[in-house]
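Undergrad: Let me begin by handing over the structure; questions about it come next.
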Amino acid sequence: MQGPLLVVSTFEKGRGGGHLVRSLVLIRTLRSLKQEAYLYIPELEPQDVLVHSSLVMTQEAKIEAAWFMGDIETIRKRRWACIILDRFRTASEEFAQWAALAPLIGIDEGGPQRDSFDFLIDLLPGPPGRVPPNILAPSLLPLPKNQRPSFYAPQRQTLKILVSFGAEDPGALTLPACLALKVPGQTEITALFGGFHQTTVKEQYRAVLAAAGIQVVEGMVELRDQLACYDLVVTHFGLTAFESLAARVPVLLLSPGAYHEKLAVHTGFISGGIGEKGAHRLRRILYTQAVLDTQHPKNRKSLILHDEALKSLGDRCEQLRVRYGLNPPEDEATSPQGLGDLVERYTLRVPAACPVCGGTIPTKDPVCARFPDRTYRRCRRCGMVYLLRSTLPPIEYERDYFFSFYKQQYGKTYLEDFPNLVQYGKKRLRYSKQILCRSRRNRGEDPSKTQARLLDIGCAYGPFLVAAREEGFLPFGMDPAEDAVRYVQDELHIPAFRGFFPETPVPEEVRAAGFDLISLWYVLEHFEKPGAVLTALYQLLKPGGVLAFSTPSGSGISSRKSFPGFLEQSPPDHWTLWQPSLTGSILKRFGFRIKKVVISGHHPERFPLVGRFLGEAGKKNGMVYGLFLWISRIFHLGDTFEVYAIKKPAVKEGAVVKSAGGE
């Protein structure tokens with residue numbers, strides 16, 4: 001990622017130490033990857049002493065003091081590539097403060113602003129009904145280096161149990177859990193106290209635990225790498241539970257409250273329940289009563305470890321390990337090695353405002369869908385659905401795009417489909433010529449006296465240019481693919497220029513005379529900033545000139561069938577999703593008036609329920625197929641559409657440019 005990152009962690013008392021330690025590890029990892037990164041922690045007040053002591057005690061927090069930033073005014077003056085919030089529940093006011101500075105990534109966010117984040121990464125599964133994240137990947141946690149061969153303990157005389165409830169133990173569960181699980185001759189229990197435990201509580205616990213023969217440890221360094229030394233871990237829902245799964249150590253949960261218990265049950269862990277009663281349930285899960293004296297059974301009963309219970313626990317933990325992707329990745333060379341590696345690979349493409357109309361900042365626009373590498377939002381002002389990407393699209397507009405990629409979609413290469421594309425181009429030109437001739441006459445011009453000039457942006461190998469030449473236009477082409485431009489110039493003998501519009505300007509000697517028609521066939525959705533593109537198109541067109549384009553439809557049968565599914569299948573380089581009903585008002589902002597809309601791309605086989613029967617071989621010419629084709633056309637359910645608009649005269653110089661968005 002280019003530019004500095006800011007990580008904002010929860011640090012308040014009562015939140016435990018997991019968030020803070022995780023943020024510190026993230027900073028350390030990013031710094032080791034040569035990524036400039038800082039951790040925001042305000043000036044420490046007396047009530048924050050507990051937090052400060054944990055920073056000193058935890059080896060994972062040994063980073064340089066210069067990596068901390070505590071002055072919010074200094075932060076506001078810097079330009080950040082990204083701000084990462086690991087705040088548990090970010091308040092609305094705080095969210096607005098950070099959103100005004102940079103794109104936001106939320107880590108395990110559970111607050112009211114969860115769905116407002118540009119990108120969401122959940123390292124731990126959330127409660128049922130939670131807004132789905134872009135990525136759910138416990139495998140991105142700092143995982144233990146040491147792992148047991150399996151979840152099943154070797155034959156031992158005693159079961160080694162680690163009891164750890166984080167840095168604070170908010171439910172005071174350590175003592176009841178240890179006492180409930182301690183059986184002489186059956187278990188060896190270690191109680192781990194975190195850095196946030198009060199000293200008085202530690203002393204009270206220490207005496208009782210010592211009397212019960214339980215070992216007490218304070219501040220175990222690199223805890224995750226010590227887990228493999230144990231046969232069982234007892235904890236609450238959190239980092240240690242998933243680290244134990246990664247180390248192949250069976251884990252039982254005990255919850256400090258209803259929220260943790262809800263998470264435990266939802267994610268599939270075996271839990272004793274809540275509080276001290278839950279601790280006694282853990283005892284019943286692990287042990288069974290055995291009769292030692294058959295002659296006097298009432299007097300001679302004892303607890304012994306339940307082998308079937310241990311096996312069942314191991315089976316469940318193995319299932320959870322697989323479910324949450326905690327096995328080593330198949331391709332370790334390309335898979336991110338932790339959260340820091342993932343974030344460092346990001347090249348965020350997040351607009352500062354709606355890329356079409358320049359509306360409010362993106363975090364105020366509702367999210368339509370989330371996928372691992374992208375988020376879709378809908379502008380509250382103009383209605384456009386637009387894309388935010390965490391990485392650049394994996395597509396280059398060169399020869400392979402028109403051959404292998406095109407063939408995958410249509411069953412033939414672009415050049416093999418060339419004659420059909422020329423004929424389809426002539427159909428589009430009939431609409432364009434009618435509108436252009438009418439516009440010229442309305443302006444008092446004689447269409448027959450001057451040859452109409454046409455610019456096809458994204459011309460590819462030139463089928464529309466050939467059609468335009470045959471229909472009497474003077475055509476020019478523009479495309480980013482070098483091979484395509486060379487073909488248009490050398491084989492078709494039509495002027496063409498290579499470049500990305502509008503960054504690459506049309507040569508002055510060509511643009512000076514202006515254009516009567518500019519076309520973009522399935523091109524407009526490929527621009528990150530279509531607002532800037534429409535502004536540039538307005539400037540290139542002659543007064544009364546025609547703008548013609550086609551694009552996928554956000555209101556066709558495919559999107560109506562399943563809008564999230566439609567977005568998931570959308571090509572990774574489609575930055576905007578247009579709708580016929582909204583296009584008129586959008587174009588009006590940039591000085592265009594729609595004259596004709598053609599709904600295309602009708603696919604009855606995509607209708608719900610009946611579609612799979614209509615798509616079978618030999619049925620596309622049947623009466624039922626024809627009926628649904630008629631329905632698709634009547635109700636404008638095609639998956640693509642074409643727009644033909646004219647350039648309106650500006651009220652005054654610069655009026656249109658001022659209204660342009662996307663900058």
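If you're wondering about the labels, chains in the structure tokens are A, B, ... by order shown, residues count from 1 in each chain, ligands from 1 in order shown.
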Compile the contact shell of Arg440 of chain A as an MDAnalysis selection string: residues with an atom at most 12 Å away, counting only C-alpha atoms, same-chain residues fewer than 5 positions apart removed.

TA: chainID A and resid 433:435 445:450 452 516:517 542:546 646:647

Undergrad: How would the residues just picked look written out with N, CA, C and O atoms as a compact mmCIF listing (two decimals), in the first residue's frame?

TA:
# COMPACT_ATOMS: atom_id res chain seq x y z
N LYS A 433 -27.90 8.05 -36.59
CA LYS A 433 -28.05 8.95 -37.75
C LYS A 433 -29.38 9.67 -37.70
O LYS A 433 -29.46 10.87 -38.02
N GLN A 434 -30.44 8.96 -37.31
CA GLN A 434 -31.75 9.60 -37.24
C GLN A 434 -31.74 10.75 -36.24
O GLN A 434 -32.24 11.85 -36.51
N ILE A 435 -31.16 10.50 -35.07
CA ILE A 435 -31.12 11.52 -34.03
C ILE A 435 -30.21 12.67 -34.45
O ILE A 435 -30.54 13.85 -34.26
N GLU A 445 -28.87 23.34 -39.85
CA GLU A 445 -27.78 22.81 -40.66
C GLU A 445 -28.32 21.83 -41.69
O GLU A 445 -29.37 21.21 -41.50
N ASP A 446 -27.59 21.68 -42.79
CA ASP A 446 -27.94 20.71 -43.82
C ASP A 446 -27.05 19.48 -43.63
O ASP A 446 -25.85 19.54 -43.90
N PRO A 447 -27.59 18.34 -43.16
CA PRO A 447 -26.77 17.15 -42.89
C PRO A 447 -26.02 16.63 -44.11
O PRO A 447 -24.99 15.97 -43.97
N SER A 448 -26.51 16.91 -45.30
CA SER A 448 -25.89 16.36 -46.51
C SER A 448 -24.65 17.13 -46.94
O SER A 448 -23.89 16.65 -47.79
N LYS A 449 -24.41 18.30 -46.41
CA LYS A 449 -23.30 19.13 -46.89
C LYS A 449 -21.97 18.79 -46.26
O LYS A 449 -20.91 19.04 -46.84
N THR A 450 -21.98 18.29 -45.04
CA THR A 450 -20.71 17.96 -44.36
C THR A 450 -20.73 16.52 -43.89
O THR A 450 -21.77 16.02 -43.46
N ALA A 452 -20.23 13.67 -41.38
CA ALA A 452 -20.25 13.58 -39.92
C ALA A 452 -19.00 12.88 -39.41
O ALA A 452 -18.58 11.85 -39.94
N ASP A 516 -19.31 14.80 -34.34
CA ASP A 516 -20.77 14.77 -34.40
C ASP A 516 -21.35 13.60 -33.62
O ASP A 516 -22.50 13.66 -33.18
N LEU A 517 -20.57 12.54 -33.49
CA LEU A 517 -21.02 11.35 -32.77
C LEU A 517 -19.84 10.75 -32.02
O LEU A 517 -18.77 10.54 -32.61
N LYS A 542 -19.66 18.36 -30.85
CA LYS A 542 -20.21 19.59 -31.40
C LYS A 542 -21.57 19.86 -30.77
O LYS A 542 -22.23 18.94 -30.28
N PRO A 543 -22.02 21.09 -30.76
CA PRO A 543 -23.38 21.37 -30.28
C PRO A 543 -24.40 20.54 -31.05
O PRO A 543 -24.36 20.46 -32.27
N GLY A 544 -25.28 19.87 -30.32
CA GLY A 544 -26.27 19.01 -30.95
C GLY A 544 -25.73 17.65 -31.33
O GLY A 544 -26.46 16.82 -31.89
N GLY A 545 -24.44 17.37 -31.01
CA GLY A 545 -23.84 16.09 -31.32
C GLY A 545 -24.44 14.97 -30.49
O GLY A 545 -25.09 15.21 -29.46
N VAL A 546 -24.21 13.73 -30.91
CA VAL A 546 -24.84 12.56 -30.29
C VAL A 546 -23.82 11.79 -29.45
O VAL A 546 -22.70 11.53 -29.91
N ILE A 646 -28.23 13.68 -26.92
CA ILE A 646 -27.63 14.80 -27.65
C ILE A 646 -27.04 15.78 -26.65
O ILE A 646 -27.46 15.86 -25.49
N LYS A 647 -26.07 16.52 -27.14
CA LYS A 647 -25.43 17.55 -26.33
C LYS A 647 -26.28 18.81 -26.37
O LYS A 647 -26.54 19.37 -27.43

Undergrad: Find the residues near Ile121 of chain A: any atom within 9 Å, counting only C-alpha atoms, skip ones fewer than 6 places away on the same chain, and give them as a PDB file with N, CA and C atoms, in the first residue's frame.

TA:
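Generated output (selection.pdb):
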ATOM      1  N   ILE A 105     -10.972   0.699   7.151  1.00  0.00           N
ATOM      2  CA  ILE A 105     -11.079  -0.750   7.255  1.00  0.00           C
ATOM      3  C   ILE A 105     -11.430  -1.070   8.706  1.00  0.00           C
ATOM      4  N   GLY A 106     -12.487  -1.822   8.901  1.00  0.00           N
ATOM      5  CA  GLY A 106     -12.893  -2.216  10.243  1.00  0.00           C
ATOM      6  C   GLY A 106     -12.481  -3.646  10.538  1.00  0.00           C
ATOM      7  N   ILE A 107     -11.899  -3.877  11.711  1.00  0.00           N
ATOM      8  CA  ILE A 107     -11.482  -5.212  12.143  1.00  0.00           C
ATOM      9  C   ILE A 107     -12.420  -5.680  13.252  1.00  0.00           C
ATOM     10  N   ASP A 108     -13.162  -6.769  12.985  1.00  0.00           N
ATOM     11  CA  ASP A 108     -14.094  -7.314  13.986  1.00  0.00           C
ATOM     12  C   ASP A 108     -15.002  -6.234  14.555  1.00  0.00           C
ATOM     13  N   GLU A 109     -15.438  -5.328  13.716  1.00  0.00           N
ATOM     14  CA  GLU A 109     -16.280  -4.212  14.147  1.00  0.00           C
ATOM     15  C   GLU A 109     -17.686  -4.708  14.475  1.00  0.00           C
ATOM     16  N   PRO A 133     -18.991  -9.572   6.437  1.00  0.00           N
ATOM     17  CA  PRO A 133     -17.793  -8.789   6.111  1.00  0.00           C
ATOM     18  C   PRO A 133     -17.333  -9.052   4.683  1.00  0.00           C
ATOM     19  N   ASN A 134     -16.340  -8.302   4.250  1.00  0.00           N
ATOM     20  CA  ASN A 134     -15.671  -8.641   2.989  1.00  0.00           C
ATOM     21  C   ASN A 134     -14.900  -9.938   3.146  1.00  0.00           C
ATOM     22  N   ILE A 135     -14.236 -10.082   4.297  1.00  0.00           N
ATOM     23  CA  ILE A 135     -13.406 -11.263   4.547  1.00  0.00           C
ATOM     24  C   ILE A 135     -13.663 -11.762   5.963  1.00  0.00           C
ATOM     25  N   LEU A 136     -13.928 -13.066   6.084  1.00  0.00           N
ATOM     26  CA  LEU A 136     -13.943 -13.733   7.392  1.00  0.00           C
ATOM     27  C   LEU A 136     -12.810 -14.737   7.364  1.00  0.00           C
ATOM     28  N   ALA A 137     -11.759 -14.482   8.124  1.00  0.00           N
ATOM     29  CA  ALA A 137     -10.570 -15.325   8.022  1.00  0.00           C
ATOM     30  C   ALA A 137      -9.812 -15.367   9.344  1.00  0.00           C
ATOM     31  N   PRO A 372     -14.722 -10.452  -1.131  1.00  0.00           N
ATOM     32  CA  PRO A 372     -13.361 -10.371  -0.580  1.00  0.00           C
ATOM     33  C   PRO A 372     -12.524  -9.199  -1.084  1.00  0.00           C
TER      34      PRO A 372
END

Undergrad: When DSSP is applied to the backbone of this structure, which of segment 329-419 of chain A are assigned alpha helix (DSSP H)? Write them out as a VMD selection string.

TA: chain A and resid 339 to 345 399 to 402 404 to 410 418 to 419

Undergrad: Could you write out that same residue set with C-alpha atoms as a short mmCIF file (atom, residue, chain, number, x, y, z; two decimals), in the first residue's frame?

TA:
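Writing the result to selection17.cif gives the following:
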data_model
loop_
_atom_site.label_atom_id
_atom_site.label_comp_id
_atom_site.auth_asym_id
_atom_site.auth_seq_id
_atom_site.Cartn_x
_atom_site.Cartn_y
_atom_site.Cartn_z
CA LEU A 339 -3.38 -9.66 8.57
CA GLY A 340 -0.32 -7.45 8.13
CA ASP A 341 0.68 -9.18 4.90
CA LEU A 342 -2.88 -8.87 3.56
CA VAL A 343 -3.13 -5.15 4.35
CA GLU A 344 0.33 -4.45 2.92
CA ARG A 345 -0.80 -5.98 -0.41
CA ARG A 399 -4.69 -8.93 -26.92
CA ASP A 400 -5.75 -11.64 -24.44
CA TYR A 401 -8.73 -9.52 -23.38
CA PHE A 402 -10.21 -9.75 -26.90
CA SER A 404 -9.14 -15.74 -24.63
CA PHE A 405 -11.33 -13.61 -22.32
CA TYR A 406 -13.84 -12.80 -25.10
CA LYS A 407 -13.94 -16.44 -26.19
CA GLN A 408 -14.71 -17.59 -22.66
CA GLN A 409 -17.81 -15.38 -22.68
CA TYR A 410 -19.06 -15.76 -26.26
CA PHE A 418 -16.14 -9.44 -36.41
CA PRO A 419 -18.79 -9.69 -39.23
#

Undergrad: Phe269 of chain A: which residues within 12 Å, counting only C-alpha atoms, same-chain residues fewer than 3 positions away excluded, as JSON, numbers by chain?

TA: {"A": [125, 234, 235, 236, 237, 238, 241, 242, 244, 245, 250, 251, 252, 253, 254, 255, 260, 261, 262, 263, 264, 265, 266, 272, 273, 312, 313, 314, 315, 316, 317, 318, 319, 320, 321, 323, 324]}
